[in-house]
file query_21.tsv (TSV, C-alpha atoms and all ligand atoms)
chain	number	residue	atom	x	y	z
A	1	MET	CA	5.43	14.80	16.22
A	2	THR	CA	2.16	14.81	14.28
A	3	ASN	CA	0.93	16.18	11.01
A	4	SER	CA	-1.96	18.40	12.20
A	5	ASN	CA	-5.04	16.47	13.24
A	6	LYS	CA	-5.85	14.68	10.05
A	7	LEU	CA	-5.96	10.91	10.00
A	8	GLY	CA	-5.69	8.24	7.35
A	9	LEU	CA	-7.99	5.27	7.90
A	10	TYR	CA	-6.98	1.82	6.72
A	11	ILE	CA	-9.51	-1.01	6.96
A	12	HIS	CA	-8.31	-4.55	6.47
A	13	ILE	CA	-10.66	-7.05	4.88
A	14	PRO	CA	-8.89	-10.40	5.26
A	15	PHE	CA	-11.08	-12.54	3.01
A	16	CYS	CA	-10.03	-14.01	-0.33
A	17	GLN	CA	-11.72	-16.44	-2.70
A	18	GLN	CA	-8.54	-18.52	-2.77
A	19	LYS	CA	-4.94	-18.09	-1.78
A	20	CYS	CA	-2.45	-16.91	-4.41
A	21	SER	CA	0.74	-18.97	-4.39
A	22	TYR	CA	3.09	-16.06	-3.59
A	23	CYS	CA	1.01	-14.42	-0.89
A	24	ASP	CA	2.02	-14.27	2.75
A	25	PHE	CA	-0.48	-11.60	3.84
A	26	TYR	CA	-3.01	-12.48	6.47
A	27	SER	CA	-5.93	-13.66	4.35
A	28	ILE	CA	-8.43	-16.46	4.67
A	29	THR	CA	-11.42	-17.94	2.93
A	30	ALA	CA	-14.62	-17.62	4.94
A	31	LYS	CA	-18.34	-18.29	4.84
A	32	GLN	CA	-20.86	-15.48	4.50
A	33	ASP	CA	-21.83	-15.49	8.19
A	34	VAL	CA	-18.21	-14.92	9.24
A	35	MET	CA	-17.93	-12.01	6.82
A	36	ASP	CA	-21.18	-10.58	8.20
A	37	ARG	CA	-19.89	-10.81	11.77
A	38	TYR	CA	-16.59	-9.32	10.70
A	39	ALA	CA	-18.23	-6.27	9.10
A	40	LYS	CA	-20.16	-5.66	12.33
A	41	GLU	CA	-17.02	-5.92	14.45
A	42	VAL	CA	-15.15	-3.56	12.12
A	43	ALA	CA	-18.03	-1.07	12.46
A	44	ASN	CA	-17.78	-1.49	16.23
A	45	GLU	CA	-14.00	-0.96	16.27
A	46	ILE	CA	-14.48	2.21	14.19
A	47	PHE	CA	-17.02	3.50	16.70
A	48	LEU	CA	-14.75	2.73	19.67
A	49	LEU	CA	-11.71	4.32	18.04
A	50	SER	CA	-13.67	7.42	17.11
A	51	GLN	CA	-14.29	8.06	20.82
A	52	THR	CA	-10.58	8.69	21.36
A	53	HIS	CA	-10.23	10.81	18.22
A	54	LEU	CA	-13.08	13.25	18.56
A	55	GLU	CA	-10.89	16.18	17.54
A	56	ASN	CA	-9.41	14.46	14.51
A	57	TYR	CA	-10.85	14.08	11.05
A	58	ILE	CA	-10.45	11.38	8.42
A	59	SER	CA	-8.80	12.64	5.25
A	60	THR	CA	-8.23	9.40	3.33
A	61	ILE	CA	-9.74	5.92	3.56
A	62	TYR	CA	-8.29	2.72	2.16
A	63	LEU	CA	-10.15	-0.58	2.10
A	64	GLY	CA	-7.42	-3.15	1.55
A	65	GLY	CA	-6.98	-6.84	1.89
A	66	GLY	CA	-7.36	-9.60	1.32
A	67	THR	CA	-10.03	-8.91	-1.24
A	68	PRO	CA	-12.44	-6.18	-0.09
A	69	SER	CA	-14.49	-6.63	-3.27
A	70	ILE	CA	-15.80	-9.97	-2.03
A	71	LEU	CA	-17.67	-8.17	0.75
A	72	SER	CA	-21.39	-7.89	0.13
A	73	LEU	CA	-22.83	-4.42	-0.48
A	74	ASN	CA	-24.69	-4.73	2.83
A	75	ASN	CA	-21.46	-5.31	4.68
A	76	LEU	CA	-19.79	-2.40	2.93
A	77	GLU	CA	-22.69	-0.25	3.99
A	78	VAL	CA	-22.34	-1.36	7.62
A	79	ILE	CA	-18.66	-0.36	7.60
A	80	THR	CA	-18.95	2.92	5.72
A	81	ASN	CA	-21.99	4.02	7.74
A	82	SER	CA	-19.97	3.57	10.88
A	83	ILE	CA	-17.16	5.74	9.50
A	84	TYR	CA	-19.45	8.58	8.41
A	85	LYS	CA	-21.57	8.42	11.55
A	86	ASN	CA	-18.75	8.36	14.06
A	87	PHE	CA	-15.87	10.33	12.59
A	88	LYS	CA	-15.54	13.84	11.29
A	89	CYS	CA	-14.75	13.30	7.64
A	90	LYS	CA	-13.12	15.48	5.01
A	91	VAL	CA	-12.30	12.59	2.73
A	92	SER	CA	-10.48	13.51	-0.45
A	93	GLU	CA	-9.58	9.96	-1.44
A	94	PHE	CA	-11.43	6.72	-0.69
A	95	THR	CA	-9.92	3.63	-2.29
A	96	ILE	CA	-11.16	0.07	-2.48
A	97	GLU	CA	-9.03	-2.83	-3.69
A	98	VAL	CA	-10.88	-4.92	-6.24
A	99	ASN	CA	-9.94	-8.20	-7.85
A	100	PRO	CA	-11.06	-8.69	-11.47
A	101	SER	CA	-12.74	-11.94	-10.39
A	102	SER	CA	-15.05	-10.05	-8.00
A	103	SER	CA	-15.61	-6.78	-9.82
A	104	GLN	CA	-19.36	-7.04	-10.41
A	105	ASN	CA	-20.23	-4.20	-7.98
A	106	LEU	CA	-17.68	-1.69	-9.18
A	107	LYS	CA	-20.15	0.98	-10.18
A	108	LEU	CA	-22.15	0.74	-6.95
A	109	TYR	CA	-19.17	1.55	-4.75
A	110	LYS	CA	-19.76	5.21	-5.59
A	111	ASN	CA	-22.80	5.08	-3.30
A	112	PHE	CA	-20.44	4.65	-0.34
A	113	GLY	CA	-18.27	7.63	-1.22
A	114	ILE	CA	-15.57	5.51	-2.85
A	115	ASN	CA	-13.77	7.51	-5.53
A	116	ARG	CA	-10.71	5.41	-6.33
A	117	ILE	CA	-10.42	1.81	-7.53
A	118	SER	CA	-7.27	-0.24	-7.14
A	119	LEU	CA	-7.45	-3.31	-9.37
A	120	GLY	CA	-5.28	-6.35	-8.67
A	121	VAL	CA	-4.42	-7.17	-12.28
A	122	GLN	CA	-0.79	-8.33	-11.77
A	123	SER	CA	-0.33	-9.59	-15.37
A	124	PHE	CA	-2.19	-10.15	-18.64
A	125	ASP	CA	-0.40	-13.39	-19.41
A	126	ASN	CA	-2.76	-16.31	-18.74
A	127	ASN	CA	0.12	-18.70	-18.03
A	128	ILE	CA	1.57	-16.33	-15.48
A	129	LEU	CA	-1.81	-15.71	-13.86
A	130	LYS	CA	-2.32	-19.44	-13.54
A	131	LYS	CA	1.20	-19.96	-12.22
A	132	ILE	CA	0.65	-17.51	-9.34
A	133	GLY	CA	-2.85	-18.80	-8.57
A	134	ARG	CA	-4.93	-15.80	-9.59
A	135	LEU	CA	-8.59	-16.49	-10.28
A	136	HIS	CA	-8.90	-14.18	-13.27
A	137	ASP	CA	-7.57	-14.37	-16.79
A	138	ARG	CA	-6.55	-11.72	-19.30
A	139	ASP	CA	-10.09	-11.09	-20.59
A	140	MET	CA	-11.55	-10.71	-17.12
A	141	ALA	CA	-8.81	-8.23	-16.22
A	142	ILE	CA	-9.46	-6.14	-19.32
A	143	THR	CA	-13.23	-6.18	-18.74
A	144	ALA	CA	-12.75	-5.04	-15.14
A	145	LEU	CA	-10.34	-2.29	-16.20
A	146	GLU	CA	-12.79	-1.05	-18.83
A	147	LYS	CA	-15.62	-1.03	-16.33
A	148	ALA	CA	-13.55	0.76	-13.71
A	149	ALA	CA	-12.28	3.39	-16.15
A	150	ASN	CA	-15.85	4.04	-17.35
A	151	CYS	CA	-17.11	4.70	-13.82
A	152	TYR	CA	-14.14	6.30	-12.05
A	153	ASP	CA	-11.63	8.93	-12.98
A	154	ASN	CA	-9.08	7.61	-10.52
A	155	VAL	CA	-8.16	3.99	-11.26
A	156	SER	CA	-4.98	2.28	-10.16
A	157	SER	CA	-3.65	-1.17	-10.86
A	158	ASP	CA	-1.17	-3.52	-9.24
A	159	PHE	CA	1.35	-5.17	-11.47
A	160	ILE	CA	4.00	-7.75	-10.53
A	161	LEU	CA	7.46	-7.88	-12.08
A	162	GLY	CA	9.88	-10.78	-11.98
A	163	ILE	CA	7.43	-13.67	-12.21
A	164	SER	CA	9.07	-15.00	-15.32
A	165	GLU	CA	12.22	-14.40	-17.38
A	166	ASN	CA	10.04	-13.84	-20.44
A	167	GLN	CA	7.44	-11.47	-19.03
A	168	ASP	CA	6.43	-8.98	-21.70
A	169	ILE	CA	6.51	-5.86	-19.56
A	170	ILE	CA	5.86	-3.36	-22.34
A	171	SER	CA	2.91	-5.26	-23.78
A	172	ASP	CA	1.27	-5.53	-20.32
A	173	ALA	CA	2.05	-1.95	-19.35
A	174	SER	CA	0.70	-0.57	-22.62
A	175	ILE	CA	-2.68	-2.20	-21.93
A	176	LEU	CA	-2.72	-0.98	-18.35
A	177	LEU	CA	-1.84	2.61	-19.09
A	178	LYS	CA	-4.85	2.89	-21.41
A	179	PHE	CA	-7.14	2.48	-18.42
A	180	VAL	CA	-5.37	3.68	-15.29
A	181	LYS	CA	-3.92	6.90	-13.92
A	182	HIS	CA	-1.81	5.14	-11.29
A	183	LEU	CA	0.30	2.02	-11.32
A	184	SER	CA	1.87	0.13	-8.42
A	185	ALA	CA	4.59	-2.18	-9.72
A	186	TYR	CA	6.04	-4.67	-7.28
A	187	MET	CA	8.97	-7.01	-7.67
A	188	LEU	CA	7.94	-10.57	-6.93
A	189	LYS	CA	9.35	-11.58	-3.56
A	190	VAL	CA	9.42	-15.28	-2.83
A	191	GLU	CA	8.23	-15.37	0.76
A	192	GLU	CA	9.05	-18.15	3.19
A	193	ASN	CA	6.54	-20.97	3.59
A	194	THR	CA	4.42	-20.00	0.61
A	195	PRO	CA	3.31	-22.54	-2.00
A	196	LEU	CA	5.42	-20.62	-4.51
A	197	GLU	CA	8.55	-21.18	-2.44
A	198	LYS	CA	7.81	-24.88	-2.32
A	199	GLN	CA	7.18	-25.05	-6.08
A	200	ILE	CA	10.51	-23.33	-6.71
A	201	ASN	CA	12.37	-25.62	-4.29
A	202	ASP	CA	10.75	-28.64	-5.96
A	203	LYS	CA	11.89	-27.22	-9.30
A	204	LYS	CA	8.33	-27.13	-10.59
A	205	VAL	CA	8.40	-23.41	-11.24
A	206	CYS	CA	11.07	-20.84	-12.17
A	207	VAL	CA	10.92	-17.13	-11.56
A	208	ALA	CA	13.05	-14.33	-13.00
A	209	THR	CA	16.57	-13.78	-11.73
A	210	GLU	CA	17.38	-10.59	-9.85
A	211	ASP	CA	19.19	-9.18	-12.90
A	212	THR	CA	16.11	-9.76	-15.04
A	213	GLN	CA	13.93	-8.10	-12.40
A	214	VAL	CA	16.13	-5.01	-12.53
A	215	LEU	CA	15.94	-4.93	-16.34
A	216	GLN	CA	12.16	-5.36	-16.24
A	217	TYR	CA	11.87	-2.54	-13.73
A	218	GLN	CA	14.06	-0.25	-15.87
A	219	LYS	CA	11.94	-1.04	-18.95
A	220	LEU	CA	8.78	-0.23	-17.06
A	221	TYR	CA	10.27	2.96	-15.65
A	222	GLU	CA	11.27	4.19	-19.14
A	223	PHE	CA	7.89	3.24	-20.59
A	224	CYS	CA	5.99	5.03	-17.84
A	225	LYS	CA	8.16	8.11	-18.27
A	226	GLU	CA	7.50	8.21	-22.03
A	227	ASN	CA	3.78	8.03	-21.25
A	228	ASN	CA	3.78	10.81	-18.64
A	229	PHE	CA	3.46	8.50	-15.68
A	230	HIS	CA	5.98	9.90	-13.28
A	231	ARG	CA	7.55	7.77	-10.61
A	232	TYR	CA	6.83	9.36	-7.26
A	233	GLU	CA	7.91	6.41	-5.13
A	234	ILE	CA	10.05	3.37	-5.90
A	235	SER	CA	7.04	1.16	-6.70
A	236	ASN	CA	4.51	3.79	-7.70
A	237	PHE	CA	3.90	5.67	-10.93
A	238	ALA	CA	1.12	8.15	-11.65
A	239	CYS	CA	-0.16	10.87	-13.94
A	240	LEU	CA	0.36	14.24	-12.31
A	241	GLY	CA	-2.23	14.81	-9.59
A	242	TYR	CA	-3.09	11.11	-9.26
A	243	GLU	CA	-0.45	10.13	-6.70
A	244	SER	CA	-2.10	8.12	-3.91
A	245	LYS	CA	-2.80	10.54	-1.08
A	246	HIS	CA	-3.30	7.68	1.35
A	247	ASN	CA	0.02	6.03	0.55
A	248	LEU	CA	1.86	9.34	0.58
A	249	SER	CA	0.65	9.80	4.13
A	250	TYR	CA	2.41	6.55	5.17
A	251	TRP	CA	5.69	7.77	3.71
A	252	ASP	CA	5.14	11.20	5.19
A	253	MET	CA	4.33	9.74	8.63
A	254	THR	CA	0.90	11.30	8.88
A	255	GLN	CA	-1.04	9.60	11.66
A	256	TYR	CA	-3.26	6.76	10.57
A	257	LEU	CA	-5.65	4.31	12.16
A	258	GLY	CA	-5.71	0.68	11.13
A	259	VAL	CA	-8.97	-1.17	11.66
A	260	GLY	CA	-9.57	-4.89	11.30
A	261	VAL	CA	-7.65	-8.05	11.96
A	262	SER	CA	-3.90	-7.82	11.44
A	263	SER	CA	-3.95	-4.05	10.85
A	264	HIS	CA	-1.75	-1.53	12.56
A	265	SER	CA	-2.00	2.12	13.50
A	266	PHE	CA	0.52	4.92	13.87
A	267	ILE	CA	-0.63	7.46	16.39
A	268	GLY	CA	1.42	9.88	18.45
A	269	GLY	CA	4.71	8.25	17.48
A	270	LYS	CA	3.51	4.79	18.56
A	271	ARG	CA	2.54	1.81	16.49
A	272	TYR	CA	-0.39	-0.32	17.58
A	273	PHE	CA	-0.90	-3.80	16.21
A	274	ASN	CA	-4.23	-5.59	16.05
A	275	VAL	CA	-4.37	-9.36	16.49
A	276	SER	CA	-3.75	-11.56	13.45
A	277	ASP	CA	-6.39	-14.05	14.46
A	278	ILE	CA	-9.90	-13.68	13.09
A	279	ASN	CA	-11.56	-15.48	16.02
A	280	ALA	CA	-9.86	-13.28	18.60
A	281	TYR	CA	-10.82	-10.24	16.53
A	282	LEU	CA	-14.44	-11.33	16.32
A	283	GLU	CA	-14.44	-11.65	20.11
A	284	GLY	CA	-13.59	-7.95	20.28
A	285	LYS	CA	-9.84	-8.14	20.90
A	286	HIS	CA	-8.80	-5.10	18.94
A	287	SER	CA	-7.38	-1.65	19.36
A	288	GLY	CA	-10.83	-0.05	19.72
A	289	ARG	CA	-11.22	-1.83	23.03
A	290	GLY	CA	-7.80	-0.73	24.16
A	291	GLN	CA	-6.63	-4.32	23.91
A	292	GLN	CA	-3.68	-3.89	21.66
A	293	LEU	CA	-1.98	-7.21	22.10
A	294	LYS	CA	1.24	-5.77	20.87
A	295	GLU	CA	2.13	-2.17	21.32
A	296	ARG	CA	5.60	-1.29	20.29
A	297	ASP	CA	6.67	2.02	21.65
A	298	TYR	CA	8.71	3.44	18.88
A	299	SER	CA	11.73	5.18	20.26
A	300	TYR	CA	12.64	8.60	18.97
A	301	LYS	CA	15.50	6.93	17.07
A	302	ASP	CA	13.19	4.30	15.45
A	303	THR	CA	10.79	6.99	14.29
A	304	LEU	CA	13.55	9.21	12.97
A	305	GLU	CA	15.19	6.36	11.05
A	306	GLU	CA	11.88	5.22	9.65
A	307	TYR	CA	11.14	8.74	8.48
A	308	ILE	CA	14.48	8.90	6.63
A	309	MET	CA	13.95	5.46	5.10
A	310	LEU	CA	10.38	6.07	3.95
A	311	SER	CA	10.86	9.58	2.64
A	312	LEU	CA	13.90	8.48	0.62
A	313	ARG	CA	11.69	5.93	-1.16
A	314	THR	CA	9.93	8.87	-2.78
A	315	GLU	CA	11.20	10.76	-5.82
A	316	LYS	CA	10.94	14.09	-3.98
A	317	GLY	CA	12.93	12.73	-1.07
A	318	LEU	CA	13.28	14.10	2.42
A	319	GLN	CA	12.18	17.63	3.20
A	320	ILE	CA	14.92	19.02	5.39
A	321	SER	CA	12.87	21.75	7.10
A	322	LYS	CA	10.16	19.21	7.96
A	323	PHE	CA	12.71	16.77	9.36
A	324	ASN	CA	14.28	19.54	11.46
A	325	GLU	CA	10.87	20.56	12.81
A	326	LEU	CA	9.71	17.00	13.53
A	327	PHE	CA	12.88	15.88	15.26
A	328	ASN	CA	14.23	19.14	16.57
A	329	LYS	CA	17.53	18.60	14.82
A	330	ASP	CA	19.57	20.11	12.03
A	331	PHE	CA	19.60	17.40	9.36
A	332	LEU	CA	22.47	18.85	7.36
A	333	GLN	CA	24.65	19.30	10.40
A	334	GLU	CA	23.75	15.96	11.97
A	335	TYR	CA	24.40	13.93	8.81
A	336	GLN	CA	27.09	16.14	7.28
A	337	GLU	CA	29.77	13.46	6.99
A	338	LYS	CA	27.41	10.73	5.80
A	339	ILE	CA	25.80	13.00	3.22
A	340	LYS	CA	29.26	13.78	1.87
A	341	LYS	CA	30.07	10.09	1.58
A	342	ALA	CA	26.79	9.34	-0.23
A	343	ALA	CA	27.09	12.38	-2.53
A	344	GLN	CA	27.56	10.23	-5.62
A	345	TYR	CA	24.14	8.64	-5.11
A	346	THR	CA	22.12	11.54	-3.74
A	347	THR	CA	21.00	15.07	-4.58
A	348	LEU	CA	20.83	18.01	-2.23
A	349	ASN	CA	18.59	20.65	-3.73
A	350	GLY	CA	17.44	23.50	-1.49
A	351	ASP	CA	15.09	22.05	1.10
A	352	TRP	CA	15.15	18.54	-0.38
A	353	PHE	CA	17.54	15.61	-0.04
A	354	SER	CA	16.86	12.68	-2.37
A	355	ILE	CA	18.32	9.59	-3.97
A	356	LYS	CA	19.28	9.99	-7.64
A	357	PRO	CA	16.71	8.15	-9.81
A	358	GLN	CA	19.29	5.76	-11.31
A	359	TYR	CA	20.11	4.46	-7.81
A	360	PHE	CA	16.53	3.87	-6.66
A	361	LEU	CA	16.88	0.12	-6.78
A	362	VAL	CA	19.75	0.20	-4.31
A	363	GLN	CA	17.88	2.58	-2.03
A	364	ASN	CA	18.21	0.20	0.92
A	365	SER	CA	21.99	0.19	0.96
A	366	ILE	CA	22.18	3.97	0.46
A	367	VAL	CA	19.81	4.51	3.39
A	368	SER	CA	21.81	2.06	5.54
A	369	SER	CA	24.95	4.05	4.86
A	370	LEU	CA	23.20	7.20	6.09
A	371	LEU	CA	21.85	5.77	9.33
B	401	LIG	S1	-5.89	-11.85	-3.58
B	401	LIG	FE1	-4.24	-10.66	-2.66
B	401	LIG	S2	-4.44	-10.98	-0.45
B	401	LIG	FE2	-5.70	-12.56	-1.47
B	401	LIG	S3	-4.36	-14.32	-1.58
B	401	LIG	FE3	-4.11	-13.21	-3.52
B	401	LIG	S4	-2.40	-11.81	-3.17
B	401	LIG	FE4	-3.07	-12.55	-1.17

call {"tool": "encode", "arguments": {"input": "query_21.tsv", "output": "structure tokens", "more": "lines below"}}
Ligand code: SF4
result
Amino acid sequence: MTNSNKLGLYIHIPFCQQKCSYCDFYSITAKQDVMDRYAKEVANEIFLLSQTHLENYISTIYLGGGTPSILSLNNLEVITNSIYKNFKCKVSEFTIEVNPSSSQNLKLYKNFGINRISLGVQSFDNNILKKIGRLHDRDMAITALEKAANCYDNVSSDFILGISENQDIISDASILLKFVKHLSAYMLKVEENTPLEKQINDKKVCVATEDTQVLQYQKLYEFCKENNFHRYEISNFACLGYESKHNLSYWDMTQYLGVGVSSHSFIGGKRYFNVSDINAYLEGKHSGRGQQLKERDYSYKDTLEEYIMLSLRTEKGLQISKFNELFNKDFLQEYQEKIKKAAQYTTLNGDWFSIKPQYFLVQNSIVSSLL
């Protein structure tokens, strides 16, 4: 149930300069000595994991967070040296997430083999940026984008929809598309127990209604299409050839290793979860030491359903021959009745089964009807 012996490598850097009001990821502020210790432990976990993957090679690397760009260059060197020293590498894509407020080292990342920058821009509206607690403003975002586009061919940006009823999607997107080849556009989700949720409950802040979010998404979709950014996954748009290889491997269920606090791995049909506690992680409680605190054995059914769900998030959809090979089943026979019922929303074209583009935003309910 694996995709040859290539591996994606995700490294989680949990540090942020401050917490954004909508964020429920595991991220913390920390002093330099904690970050130094963390980089060493990540390097150690990489070494330990490499010992059980001697036959495998790393094909993509993603440094995500948190805010990886607040790591010092020394710490980045410690981590990347450990990757190159311990793993066989045929890396075609190496991404680092960068916030505009910590983008001073952009150019130097090339020295570590990084060839793709993902900038957390989110918006160009200063009121919106302030409302969601970002540290940068419009000018800083544009400066960082310019710098990134001057140094790297492959630049991506994150963009959030639905923060306000009056968000000027086209104005923001037209600035972004001048600099990037890839855009990840997320709908704002008000997560439980975040400062944003409290502000909304206290009626201090309003966000866009669901209907407005859908309209904003449609506007963005049309705009991207007109500008040759094709949508290859519900939240992701790219110029041809600039689709994120690393992310595609998640949707394709290629094996990947997660390193760092709160990361997870998908190996041999099993998911492994690292601890979500920095102190425990720094004490060496991580998957490299075989101390997965939580290992959820995915059943055959879980894996199969996840494959259907993830592949139907992509524009191409589910490849029937691949499904049949992975799960030793005949997709068309197995889901015959359900496919018939969902025919209005889906397309069956040769080896591919996909959701019609106009129904992408109700992907969840279409997938539920299939499972
Ligand atoms: S920078 Fe990203 S990870 Fe850090 S608090 Fe903001 S949204 Fe969360």

call {"tool": "axis_aligned_box", "arguments": {"input": "query_21.tsv", "around": "ligand LIG 401 (chain B)", "padding_each_side": "8 Å", "output": "JSON"}}
result
{"center_x": -4.1, "center_y": -12.5, "center_z": -2.0, "size_x": 19.5, "size_y": 19.7, "size_z": 19.1}

call {"tool": "residues_near_point", "arguments": {"input": "query_21.tsv", "point": "(-7.5, -19.5, -20.3)", "cutoff": "10 Å", "atoms": "all atoms listed in the file", "output": "number ranges by chain"}}
result
A: 125-127, 129-130, 136-139

call {"tool": "atom_distance", "arguments": {"input": "query_21.tsv", "atom1": "atom CA of Gly288 of chain A", "atom2": "atom CA of Ser50 of chain A"}}
result
8.4 Å

call {"tool": "residues_around", "arguments": {"input": "query_21.tsv", "residues": "Tyr307 of chain A", "least_positions_apart": "3", "cutoff": "12 Å", "atoms": "all atoms listed in the file", "output": "number ranges by chain"}}
result
A: 1, 249-254, 269, 298, 300-304, 310-314, 317-320, 322-324, 326-327, 367, 371

call {"tool": "atom_distance", "arguments": {"input": "query_21.tsv", "atom1": "atom CA of Asn115 of chain A", "atom2": "atom CA of Glu315 of chain A"}}
result
25.2 Å

call {"tool": "residues_near_ligand", "arguments": {"input": "query_21.tsv", "ligand": "ligand LIG 401 (chain B)", "cutoff": "6 Å", "atoms": "all atoms listed in the file", "output": "list in words"}}
result
Cys16, Lys19, Cys20, Cys23, Phe25, Ser27, Gly65, Gly66 and Thr67 of chain A

call {"tool": "atom_distance", "arguments": {"input": "query_21.tsv", "atom1": "atom CA of Asn349 of chain A", "atom2": "atom CA of Leu215 of chain A"}}
result
28.6 Å

call {"tool": "closest_residue", "arguments": {"input": "query_21.tsv", "among": "A:Lys203, A:His246, A:Lys219, A:Lys189", "to": "Ser171 of chain A", "atoms": "all atoms listed in the file"}}
result
A:Lys219

call {"tool": "closest_residue", "arguments": {"input": "query_21.tsv", "among": "A:Ala43, A:Ile117, A:Ser102, A:Asp172", "to": "Lys85 of chain A", "atoms": "all atoms listed in the file"}}
result
A:Ala43

call {"tool": "residues_around", "arguments": {"input": "query_21.tsv", "residues": "Ile278 of chain A", "least_positions_apart": "3", "cutoff": "10 Å", "atoms": "only C-alpha atoms", "output": "PyMOL selection string"}}
result
chain A and resi 14+26-28+34+38+260-262+275+281-285

call {"tool": "write_last_selection", "arguments": {"input": "query_21.tsv", "atoms": "C-alpha atoms", "output": "mmCIF file, keeping the file's coordinate frame"}}
result
data_model
loop_
_atom_site.group_PDB
_atom_site.id
_atom_site.type_symbol
_atom_site.label_atom_id
_atom_site.label_comp_id
_atom_site.auth_asym_id
_atom_site.auth_seq_id
_atom_site.Cartn_x
_atom_site.Cartn_y
_atom_site.Cartn_z
ATOM 1 C CA PRO A 14 -8.890 -10.400 5.260
ATOM 2 C CA TYR A 26 -3.010 -12.480 6.470
ATOM 3 C CA SER A 27 -5.930 -13.660 4.350
ATOM 4 C CA ILE A 28 -8.430 -16.460 4.670
ATOM 5 C CA VAL A 34 -18.210 -14.920 9.240
ATOM 6 C CA TYR A 38 -16.590 -9.320 10.700
ATOM 7 C CA GLY A 260 -9.570 -4.890 11.300
ATOM 8 C CA VAL A 261 -7.650 -8.050 11.960
ATOM 9 C CA SER A 262 -3.900 -7.820 11.440
ATOM 10 C CA VAL A 275 -4.370 -9.360 16.490
ATOM 11 C CA TYR A 281 -10.820 -10.240 16.530
ATOM 12 C CA LEU A 282 -14.440 -11.330 16.320
ATOM 13 C CA GLU A 283 -14.440 -11.650 20.110
ATOM 14 C CA GLY A 284 -13.590 -7.950 20.280
ATOM 15 C CA LYS A 285 -9.840 -8.140 20.900
#

call {"tool": "closest_residue", "arguments": {"input": "query_21.tsv", "among": "A:Thr80, A:Asn193, A:Gln167, A:Ser72", "to": "Leu9 of chain A", "atoms": "all atoms listed in the file"}}
result
A:Thr80

call {"tool": "closest_residue", "arguments": {"input": "query_21.tsv", "among": "A:Ser164, A:Gln255, A:Gln358, A:Asn74", "to": "Lys131 of chain A", "atoms": "all atoms listed in the file"}}
result
A:Ser164

call {"tool": "residues_around", "arguments": {"input": "query_21.tsv", "residues": "Ala149 of chain A", "least_positions_apart": "3", "cutoff": "12 Å", "atoms": "all atoms listed in the file", "output": "VMD selection string"}}
result
chain A and resid 106 to 107 115 to 119 142 to 146 152 to 157 176 to 182

call {"tool": "residues_around", "arguments": {"input": "query_21.tsv", "residues": "Phe266 of chain A", "least_positions_apart": "6", "cutoff": "7 Å", "atoms": "all atoms listed in the file", "output": "list of chain:residue names"}}
result
A:Gln255, A:Tyr256, A:Leu257, A:Tyr272

call {"tool": "closest_residue", "arguments": {"input": "query_21.tsv", "among": "A:Leu220, A:Leu196, A:Ala208, A:Ala30", "to": "Ile170 of chain A", "atoms": "all atoms listed in the file"}}
result
A:Leu220

call {"tool": "closest_residue", "arguments": {"input": "query_21.tsv", "among": "A:Asn5, A:Asn328, A:Ser92, A:Ser174", "to": "His53 of chain A", "atoms": "only C-alpha atoms"}}
result
A:Asn5

call {"tool": "residues_around", "arguments": {"input": "query_21.tsv", "residues": "Asn81 of chain A", "least_positions_apart": "3", "cutoff": "12 Å", "atoms": "all atoms listed in the file", "output": "list in words"}}
result
Ala39, Lys40, Val42, Ala43, Asn44, Ile46, Phe47, Leu73, Asn74, Asn75, Leu76, Glu77, Val78, Tyr84, Lys85, Asn86, Phe87, Cys89, Asn111, Phe112 and Gly113 of chain A

call {"tool": "build_atoms", "arguments": {"input": "query_21.tsv", "residues": "segment 252-260 of chain A", "atoms": "N, CA and C atoms", "output": "CSV table (one decimal), in the frame of the given file"}}
result
chain,number,residue,atom,x,y,z
A,252,ASP,N,5.0,9.9,4.6
A,252,ASP,CA,5.1,11.2,5.2
A,252,ASP,C,5.0,11.1,6.7
A,253,MET,N,4.6,10.0,7.2
A,253,MET,CA,4.3,9.7,8.6
A,253,MET,C,3.2,10.6,9.2
A,254,THR,N,2.1,10.8,8.4
A,254,THR,CA,0.9,11.3,8.9
A,254,THR,C,0.3,10.2,9.8
A,255,GLN,N,-0.5,10.6,10.8
A,255,GLN,CA,-1.0,9.6,11.7
A,255,GLN,C,-2.1,8.8,10.9
A,256,TYR,N,-2.2,7.5,11.2
A,256,TYR,CA,-3.3,6.8,10.6
A,256,TYR,C,-3.8,5.7,11.5
A,257,LEU,N,-5.0,5.4,11.3
A,257,LEU,CA,-5.6,4.3,12.2
A,257,LEU,C,-5.8,3.1,11.3
A,258,GLY,N,-5.5,1.9,11.8
A,258,GLY,CA,-5.7,0.7,11.1
A,258,GLY,C,-6.8,0.0,11.8
A,259,VAL,N,-7.8,-0.5,11.1
A,259,VAL,CA,-9.0,-1.2,11.7
A,259,VAL,C,-9.1,-2.5,11.0
A,260,GLY,N,-9.4,-3.5,11.8
A,260,GLY,CA,-9.6,-4.9,11.3
A,260,GLY,C,-8.4,-5.8,11.8
